[in-house]
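Shown next: structure18.txt, containing compact mmCIF, C-alpha atoms.
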# COMPACT_ATOMS: atom_id res chain seq x y z
CA MET X 60 2.72 8.49 12.48
CA ALA X 61 -0.79 7.14 12.66
CA ASP X 62 -1.29 8.13 9.03
CA VAL X 63 1.85 6.26 7.99
CA ALA X 64 0.65 3.13 9.77
CA GLN X 65 -2.78 3.55 8.19
CA LEU X 66 -1.26 3.84 4.74
CA SER X 67 0.82 0.70 5.03
CA THR X 68 -2.19 -1.16 6.40
CA SER X 69 -4.27 -0.04 3.45
CA LEU X 70 -1.58 -0.98 0.94
CA ARG X 71 -1.09 -4.36 2.57
CA ARG X 72 -4.77 -5.13 2.42
CA GLY X 73 -5.49 -6.92 -0.80
CA THR X 74 -1.86 -7.54 -1.72
CA LEU X 75 -0.39 -9.45 1.21
CA GLU X 76 -2.43 -12.54 0.48
CA PHE X 77 -0.93 -12.82 -2.99
CA CYS X 78 2.53 -12.51 -1.54
CA VAL X 79 1.61 -15.50 0.62
CA LEU X 80 0.37 -17.45 -2.38
CA ALA X 81 3.56 -16.65 -4.29
CA MET X 82 5.62 -17.84 -1.34
CA VAL X 83 4.26 -21.36 -1.61
CA GLU X 84 4.06 -21.40 -5.39
CA HIS X 85 7.04 -23.65 -5.97
CA GLU X 86 7.36 -25.48 -2.70
CA ASP X 87 5.26 -26.19 0.33
CA ARG X 88 6.14 -24.23 3.43
CA TYR X 89 5.07 -24.41 7.03
CA GLY X 90 3.49 -21.56 8.91
CA THR X 91 6.46 -20.37 10.91
CA GLU X 92 8.58 -20.39 7.75
CA ILE X 93 6.11 -18.13 5.94
CA VAL X 94 5.77 -15.83 8.93
CA ARG X 95 9.54 -15.53 9.32
CA ARG X 96 9.93 -14.65 5.67
CA PHE X 97 7.48 -11.79 6.09
CA GLY X 98 9.27 -10.65 9.19
CA GLU X 99 12.33 -9.98 7.06
CA GLU X 100 10.43 -7.58 4.81
CA ARG X 101 10.35 -4.16 6.38
CA ASN X 102 7.60 -2.84 4.11
CA LEU X 103 5.30 -5.72 4.85
CA ALA X 104 6.10 -5.76 8.55
CA ALA X 105 3.00 -6.75 10.42
CA SER X 106 2.67 -8.58 13.69
CA GLU X 107 3.62 -12.16 12.90
CA GLY X 108 0.52 -13.51 14.57
CA THR X 109 -1.75 -11.76 12.08
CA ILE X 110 -0.42 -13.95 9.24
CA TYR X 111 -2.09 -17.05 10.69
CA PRO X 112 -5.65 -15.75 10.38
CA LEU X 113 -4.79 -14.84 6.80
CA LEU X 114 -3.51 -18.37 6.11
CA SER X 115 -6.72 -19.68 7.64
CA ARG X 116 -8.87 -17.61 5.29
CA LEU X 117 -6.85 -18.58 2.21
CA ARG X 118 -7.36 -22.20 3.16
CA ARG X 119 -11.10 -21.69 3.68
CA VAL X 120 -11.54 -20.09 0.25
CA GLY X 121 -9.66 -23.01 -1.27
CA TRP X 122 -6.54 -21.23 -2.48
CA LEU X 123 -4.31 -23.07 -0.04
CA ASP X 124 -4.21 -26.63 1.13
CA SER X 125 -2.59 -27.69 4.36
CA LYS X 126 -1.44 -30.78 6.12
CA TRP X 127 0.25 -31.41 9.43
CA SER X 128 3.54 -33.19 9.27
CA GLU X 129 6.00 -34.45 11.85
CA SER X 130 9.12 -32.40 12.29
CA PRO X 131 12.61 -33.89 12.71
CA SER X 132 13.06 -31.55 15.64
CA GLY X 133 10.35 -29.91 17.67
CA PRO X 134 6.58 -29.94 17.31
CA PRO X 135 4.59 -30.99 14.21
CA ARG X 136 4.46 -28.44 11.41
CA ARG X 137 1.54 -27.44 9.28
CA TYR X 138 2.59 -27.24 5.65
CA TYR X 139 0.75 -25.05 3.17
CA ALA X 140 0.49 -25.79 -0.56
CA LEU X 141 -0.98 -23.81 -3.44
CA THR X 142 -4.15 -25.32 -4.94
CA ASP X 143 -5.16 -25.05 -8.61
CA SER X 144 -7.63 -22.27 -7.89
CA GLY X 145 -4.98 -20.54 -5.78
CA ARG X 146 -2.61 -20.75 -8.71
CA SER X 147 -5.09 -19.17 -11.11
CA ALA X 148 -5.92 -16.47 -8.53
CA LEU X 149 -2.22 -15.67 -8.32
CA GLU X 150 -1.91 -15.47 -12.11
CA HIS X 151 -4.92 -13.19 -12.27
CA PHE X 152 -3.43 -10.93 -9.61
CA ARG X 153 -0.14 -10.70 -11.49
CA SER X 154 -1.73 -9.35 -14.65
CA GLU X 155 -4.01 -7.02 -12.68
CA TRP X 156 -1.16 -5.78 -10.56
CA VAL X 157 1.04 -4.83 -13.50
CA SER X 158 -1.59 -2.63 -15.11
CA PHE X 159 -2.65 -1.26 -11.73
CA ARG X 160 0.91 -0.37 -10.82
CA GLN X 161 1.53 1.28 -14.19
CA THR X 162 -1.56 3.43 -13.82
CA VAL X 163 -0.67 4.54 -10.30
CA ASP X 164 2.92 5.23 -11.35
CA ARG X 165 1.70 7.38 -14.23
CA LEU X 166 -0.79 9.34 -12.12
CA VAL X 167 1.39 9.79 -9.05
CA GLY X 168 4.59 10.38 -11.01
CA THR X 169 6.53 7.45 -9.65
CA GLY X 170 7.13 5.79 -13.01
CA GLY X 171 10.81 6.80 -13.13
CA ALA X 172 12.71 7.61 -16.30
CA MET O 236 13.45 -20.05 34.32
CA SER O 237 11.64 -22.56 32.15
CA ASP O 238 8.66 -22.37 34.50
CA LYS O 239 8.51 -18.63 34.04
CA THR O 240 8.74 -18.85 30.26
CA ASN O 241 6.09 -21.57 30.16
CA ASP O 242 3.88 -19.38 32.32
CA ALA O 243 4.30 -16.52 29.88
CA VAL O 244 3.35 -18.73 26.93
CA ALA O 245 0.35 -20.21 28.75
CA GLU O 246 -0.79 -16.75 29.78
CA TYR O 247 -0.44 -15.45 26.24
CA LEU O 248 -2.43 -18.33 24.78
CA HIS O 249 -5.08 -17.97 27.47
CA GLU O 250 -5.47 -14.25 26.79
CA LEU O 251 -5.76 -14.97 23.09
CA GLU O 252 -8.33 -17.71 23.62
CA LEU O 253 -10.50 -15.39 25.73
CA ARG O 254 -10.55 -12.88 22.90
CA LEU O 255 -11.42 -15.45 20.25
CA THR O 256 -14.61 -16.72 21.85
CA GLY O 257 -16.69 -15.05 19.13
CA LEU O 258 -15.11 -17.18 16.40
CA PRO O 259 -16.50 -20.52 15.21
CA VAL O 260 -14.97 -23.24 17.39
CA LEU O 261 -12.92 -24.86 14.62
CA GLN O 262 -11.41 -21.59 13.46
CA ARG O 263 -10.60 -20.74 17.06
CA ARG O 264 -8.96 -24.10 17.74
CA GLU O 265 -7.07 -23.95 14.45
CA LEU O 266 -5.62 -20.54 15.19
CA LEU O 267 -4.68 -21.42 18.75
CA ALA O 268 -2.98 -24.61 17.57
CA GLU O 269 -1.02 -22.69 14.94
CA ILE O 270 0.07 -19.98 17.33
CA ALA O 271 1.11 -22.58 19.90
CA ALA O 272 3.05 -24.49 17.23
CA HIS O 273 4.67 -21.26 16.08
CA ILE O 274 5.88 -20.48 19.58
CA SER O 275 7.22 -24.01 20.02
CA ASN O 276 8.95 -23.91 16.65
CA GLU O 277 10.57 -20.59 17.36
CA ARG O 278 11.75 -21.66 20.78
CA VAL O 279 13.35 -24.82 19.41
CA GLU O 280 14.75 -23.46 16.16
CA ARG O 281 16.00 -20.16 17.51
CA GLY O 282 17.16 -21.63 20.77
CA VAL O 283 15.02 -19.35 22.89
CA THR O 284 15.68 -20.08 26.54
CA SER O 285 15.61 -16.90 28.58
CA GLU O 286 12.45 -15.10 29.57
CA GLY O 287 13.66 -11.97 27.80
CA GLU O 288 14.06 -13.81 24.51
CA LEU O 289 10.68 -15.39 24.89
CA LEU O 290 9.00 -12.04 25.51
CA GLU O 291 10.67 -10.75 22.36
CA LEU O 292 9.27 -13.72 20.49
CA LEU O 293 5.78 -12.97 21.79
CA GLU O 294 6.28 -9.30 20.98
CA ARG O 295 6.97 -10.14 17.33
CA LEU O 296 3.88 -12.31 17.31
CA GLY O 297 1.80 -9.35 18.36
CA SER O 298 -0.42 -8.78 21.36
CA PRO O 299 -3.47 -11.06 21.80
CA GLU O 300 -5.62 -8.02 20.98
CA VAL O 301 -3.88 -7.48 17.66
CA VAL O 302 -3.97 -11.15 16.66
CA ALA O 303 -7.63 -11.48 17.67
CA ALA O 304 -8.56 -8.35 15.71
CA ALA O 305 -6.91 -9.83 12.61
CA ALA O 306 -8.73 -13.12 13.19
CA TYR O 307 -12.13 -11.43 13.31
CA GLU O 308 -11.36 -9.32 10.28
CA GLU O 309 -10.24 -12.31 8.21
CA ALA O 310 -13.34 -14.22 9.33
CA GLY O 311 -15.50 -11.30 8.20
CA MET O 312 -16.92 -10.92 11.67
CA ALA O 313 -17.43 -8.04 14.06
CA GLU O 314 -15.19 -8.18 17.07
CA PRO O 315 -17.09 -8.82 20.32
CA VAL O 316 -17.51 -5.77 22.50
CA LEU O 317 -15.89 -7.44 25.49
CA SER O 318 -12.40 -7.09 24.03
CA TYR O 319 -10.31 -4.08 24.92
CA ALA O 320 -10.62 -2.97 21.36
CA GLY O 321 -8.86 0.20 20.34
CA ALA O 322 -10.21 2.88 18.04
CA THR O 323 -9.20 1.02 14.91
CA SER O 324 -11.02 -2.18 15.73
CA ALA O 325 -13.99 -0.18 16.93
CA ALA O 326 -14.09 1.48 13.55
CA ARG O 327 -14.19 -1.92 11.88
CA ARG O 328 -17.25 -3.07 13.77
CA PRO O 329 -19.81 -1.04 11.85
CA LEU O 330 -18.51 -2.42 8.56
CA PRO O 331 -19.94 -5.94 8.72
CA ALA O 332 -23.54 -5.61 7.62
CA VAL O 333 -24.32 -9.04 9.04
CA ALA O 334 -25.33 -7.78 12.46
CA PRO O 335 -28.31 -5.54 11.46
CA PRO O 336 -30.53 -8.33 10.02
CA PRO O 337 -31.10 -10.02 13.42
CA ASP O 338 -32.51 -6.74 14.66
CA SER O 339 -34.96 -6.39 11.79
CA PRO O 340 -37.36 -9.19 12.94
CA PRO O 341 -39.01 -6.89 15.51
CA PRO O 342 -40.54 -4.70 12.76
CA ALA O 343 -41.90 -7.89 11.19
CA TYR O 344 -43.62 -8.67 14.50
CA ALA O 345 -45.31 -5.30 14.53
CA GLY O 346 -46.91 -6.14 11.20
CA PRO O 347 -48.93 -9.21 12.26
CA PHE O 348 -50.58 -7.41 15.16
CA PRO O 349 -52.70 -4.89 13.20
CA PRO O 350 -54.14 -7.57 10.87
CA ASP O 351 -55.40 -9.67 13.76
CA PRO O 352 -57.71 -7.00 15.22
CA GLY O 353 -59.00 -6.23 11.76
CA PHE O 354 -59.70 -9.89 11.13
CA ALA O 355 -61.47 -10.20 14.47
CA ARG O 356 -63.73 -7.23 13.71
CA ALA O 357 -64.59 -8.57 10.30
CA SER O 358 -65.62 -11.91 11.77
CA TYR O 359 -67.56 -10.23 14.57
CA ALA O 360 -69.89 -8.31 12.28
CA PRO O 361 -71.61 -11.32 10.64
CA PRO O 362 -71.93 -13.51 13.76
CA PRO O 363 -74.39 -11.25 15.63
CA VAL O 364 -77.22 -12.71 13.55
CA ALA O 365 -76.34 -16.39 13.47
CA GLY O 366 -74.27 -16.74 16.60
CA PRO O 367 -76.16 -16.02 19.84
CA PRO O 368 -73.31 -17.44 21.91
CA PHE O 369 -71.37 -14.36 21.03
CA ALA O 370 -71.69 -12.03 23.97
CA PRO O 371 -70.03 -9.10 22.24
CA PRO O 372 -72.94 -8.33 19.85
CA PRO O 373 -75.50 -7.45 22.60
CA PRO O 374 -73.11 -5.06 24.30
CA THR O 375 -72.89 -3.03 21.14
CA PRO O 376 -76.45 -1.67 21.36
CA ARG O 377 -75.97 -0.68 24.98
CA PRO O 378 -73.02 1.51 24.14
CA ASP O 379 -75.21 3.17 21.54
CA GLY O 380 -77.94 4.06 24.02
CA ASN O 381 -75.54 5.04 26.71
CA SER O 382 -73.26 6.72 24.29
CA GLY O 383 -76.16 8.86 23.10
CA LEU O 384 -76.88 10.08 26.60
CA ARG O 385 -73.25 10.27 27.40
CA ALA O 386 -72.58 12.21 24.22
CA VAL O 387 -75.19 14.78 25.17
CA VAL O 388 -73.89 15.04 28.72
CA ALA O 389 -70.32 15.14 27.50
CA ALA O 390 -71.18 17.78 24.94
CA GLY O 391 -72.83 19.84 27.65
CA ILE O 392 -69.88 19.45 29.94
CA VAL O 393 -67.51 20.32 27.12
CA ALA O 394 -69.58 23.37 26.25
CA VAL O 395 -69.57 24.56 29.86
CA VAL O 396 -65.87 23.92 30.20
CA MET O 397 -65.21 25.69 26.93
CA ALA O 398 -67.32 28.58 28.11
CA LEU O 399 -65.38 28.78 31.36
CA ILE O 400 -62.10 28.58 29.48
CA GLY O 401 -63.37 31.23 27.13
CA CYS O 402 -64.27 33.47 30.05
CA VAL O 403 -60.93 32.99 31.71
CA ALA O 404 -59.06 33.44 28.43
CA GLY O 405 -61.10 36.48 27.63
CA ALA O 406 -60.48 37.90 31.05
CA LEU O 407 -56.78 37.31 30.68
CA PHE O 408 -56.81 38.89 27.25
CA LEU O 409 -58.61 41.87 28.57
CA THR O 410 -56.33 42.36 31.50
CA GLN O 411 -53.18 41.82 29.40
CA SER O 412 -54.24 43.89 26.44
CA ALA O 413 -55.65 46.56 28.67
CA SER O 414 -52.49 46.80 30.66
CA VAL O 415 -50.29 46.83 27.60
CA GLU O 416 -52.19 48.86 25.06
CA GLY O 417 -55.05 51.24 25.07
CA PRO O 418 -56.57 50.26 21.67
CA ALA O 419 -57.12 46.73 22.96
CA VAL O 420 -60.20 48.04 24.68
CA SER O 421 -61.98 48.07 21.31
CA VAL O 422 -61.66 44.28 21.28
CA VAL O 423 -63.71 43.98 24.42
CA PRO O 424 -67.05 43.84 22.65
CA GLY O 425 -65.76 41.03 20.46
CA THR O 426 -64.72 38.96 23.43
CA GLU O 427 -67.99 39.52 25.17
CA ALA O 428 -69.92 38.20 22.19
CA PRO O 429 -68.79 34.59 22.61
CA LEU O 430 -69.78 34.76 26.23
CA GLU O 431 -73.43 35.48 25.44
CA PRO O 432 -74.13 32.31 23.46
CA GLU O 433 -72.78 30.32 26.37
CA ALA O 434 -75.19 31.93 28.72
CA PRO O 435 -78.24 30.48 26.93
CA ASP O 436 -76.87 26.98 27.51
CA VAL O 437 -76.81 27.62 31.18
CA VAL O 438 -80.08 29.48 31.24
CA PRO O 439 -82.20 26.69 29.73
CA VAL O 440 -81.27 24.43 32.60
CA PRO O 441 -83.07 26.36 35.31
CA PRO O 442 -86.36 26.39 33.31
CA THR O 443 -86.35 22.62 32.93
CA VAL O 444 -85.78 22.27 36.61
CA GLU O 445 -88.59 24.55 37.44

With the file now loaded, output its structure as structure tokens.
Amino acid sequence: MADVAQLSTSLRRGTLEFCVLAMVEHEDRYGTEIVRRFGEERNLAASEGTIYPLLSRLRRVGWLDSKWSESPSGPPRRYYALTDSGRSALEHFRSEWVSFRQTVDRLVGTGGA
Amino acid sequence: MSDKTNDAVAEYLHELELRLTGLPVLQRRELLAEIAAHISNERVERGVTSEGELLELLERLGSPEVVAAAAYEEAGMAEPVLSYAGATSAARRPLPAVAPPPDSPPPAYAGPFPPDPGFARASYAPPPVAGPPFAPPPPTPRPDGNSGLRAVVAAGIVAVVMALIGCVAGALFLTQSASVEGPAVSVVPGTEAPLEPEAPDVVPVPPTVE
């Protein structure tokens, strides 16, 4: 069980952040919205609270921009937007990921027919 | 009911804040504000009212320990020891190589010390001629005179002590070897030899006295 958890943690590391970038690629989203979206993905399931430190880092490295905005109902929301450097980082990941995935599929035998 | 749920939220945020004290203040405040906003959003948008629902909400968020561990990892920092860190977070601590450098200064301190004495000696040597005020130079001759006498006395004492040790050691050897093996007896003459030279040292003393 511990090994399974370790594996998913390892796989998530280095990929989750690009899933976050992709999530705000076409429209700005606020934190809770992003967190909820991840909560629906079983394979990515992590404690929701751990997404916020990740968002903080992506903002600090300049891949995300954020601004607080009033909400029609409830407390103010912090909206995240993809920056230009975030966009190019996402594009770079996409090309890297495809070749990476193909290599792993070939070596592990998960390429399918 | 609402008091209880508010208590739970306040307690959660307080626990989290305690564990984030190692983070830079702005990162800490930012995270706390986001988590607080998240809880408020969820309560409003999901219509969370009961304490049970709220605890579920906090459960999904993750324990303060888990959230704090993620915060330190994303900040590239070692988690403070004060947290009730589990094995996984403990394993992460050694990774950041930032901590070691602060410890390295001590070795640098050790360096300066040796040079100072050396510098002092070098400056001492020339002054004896030109600088009378220097007290140290005069003392140096005294040690020489005294040291000469002392050296002789010390050498004598050492010789006597060595002789005594030799006697005792020889005696022990004799007794041991004799008790264990017969052939050891042949060694006796050899052990006696060292004793003779020591005798002369002691012998000369009486004549001088007389």

Practice problem: Pull out every residue of chain O sitting within 10 Å of chain X, counting all atoms listed in the file, and send them as a PyMOL selection string. | Solution: chain O and resi 262-263+265-280+292-299+301-311+323

Quiz item: Do you have the atom CA of X:Trp122-atom CA of X:Leu80 distance handy?
Solution: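 Going from atom CA of X:Trp122 over to atom CA of X:Leu80 covers 7.9 Å.
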
Practice problem: Name the closest residue to X:Val63 among the candidates X:Glu150, X:Asn102, X:Leu141, X:Glu155; distances are taken between atoms, counting all atoms listed in the file. | Solution: X:Asn102

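Here atom CA of O:Asn241 and atom CA of O:Glu286 stand 9.1 Å from one another.
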
Exercise. Measure the distance from atom CA of X:Ala148 to atom CA of X:Leu103 in Å and round it to one decimal.
Key: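 Interatomic distance, atom CA of X:Ala148 to atom CA of X:Leu103: 20.5 Å.
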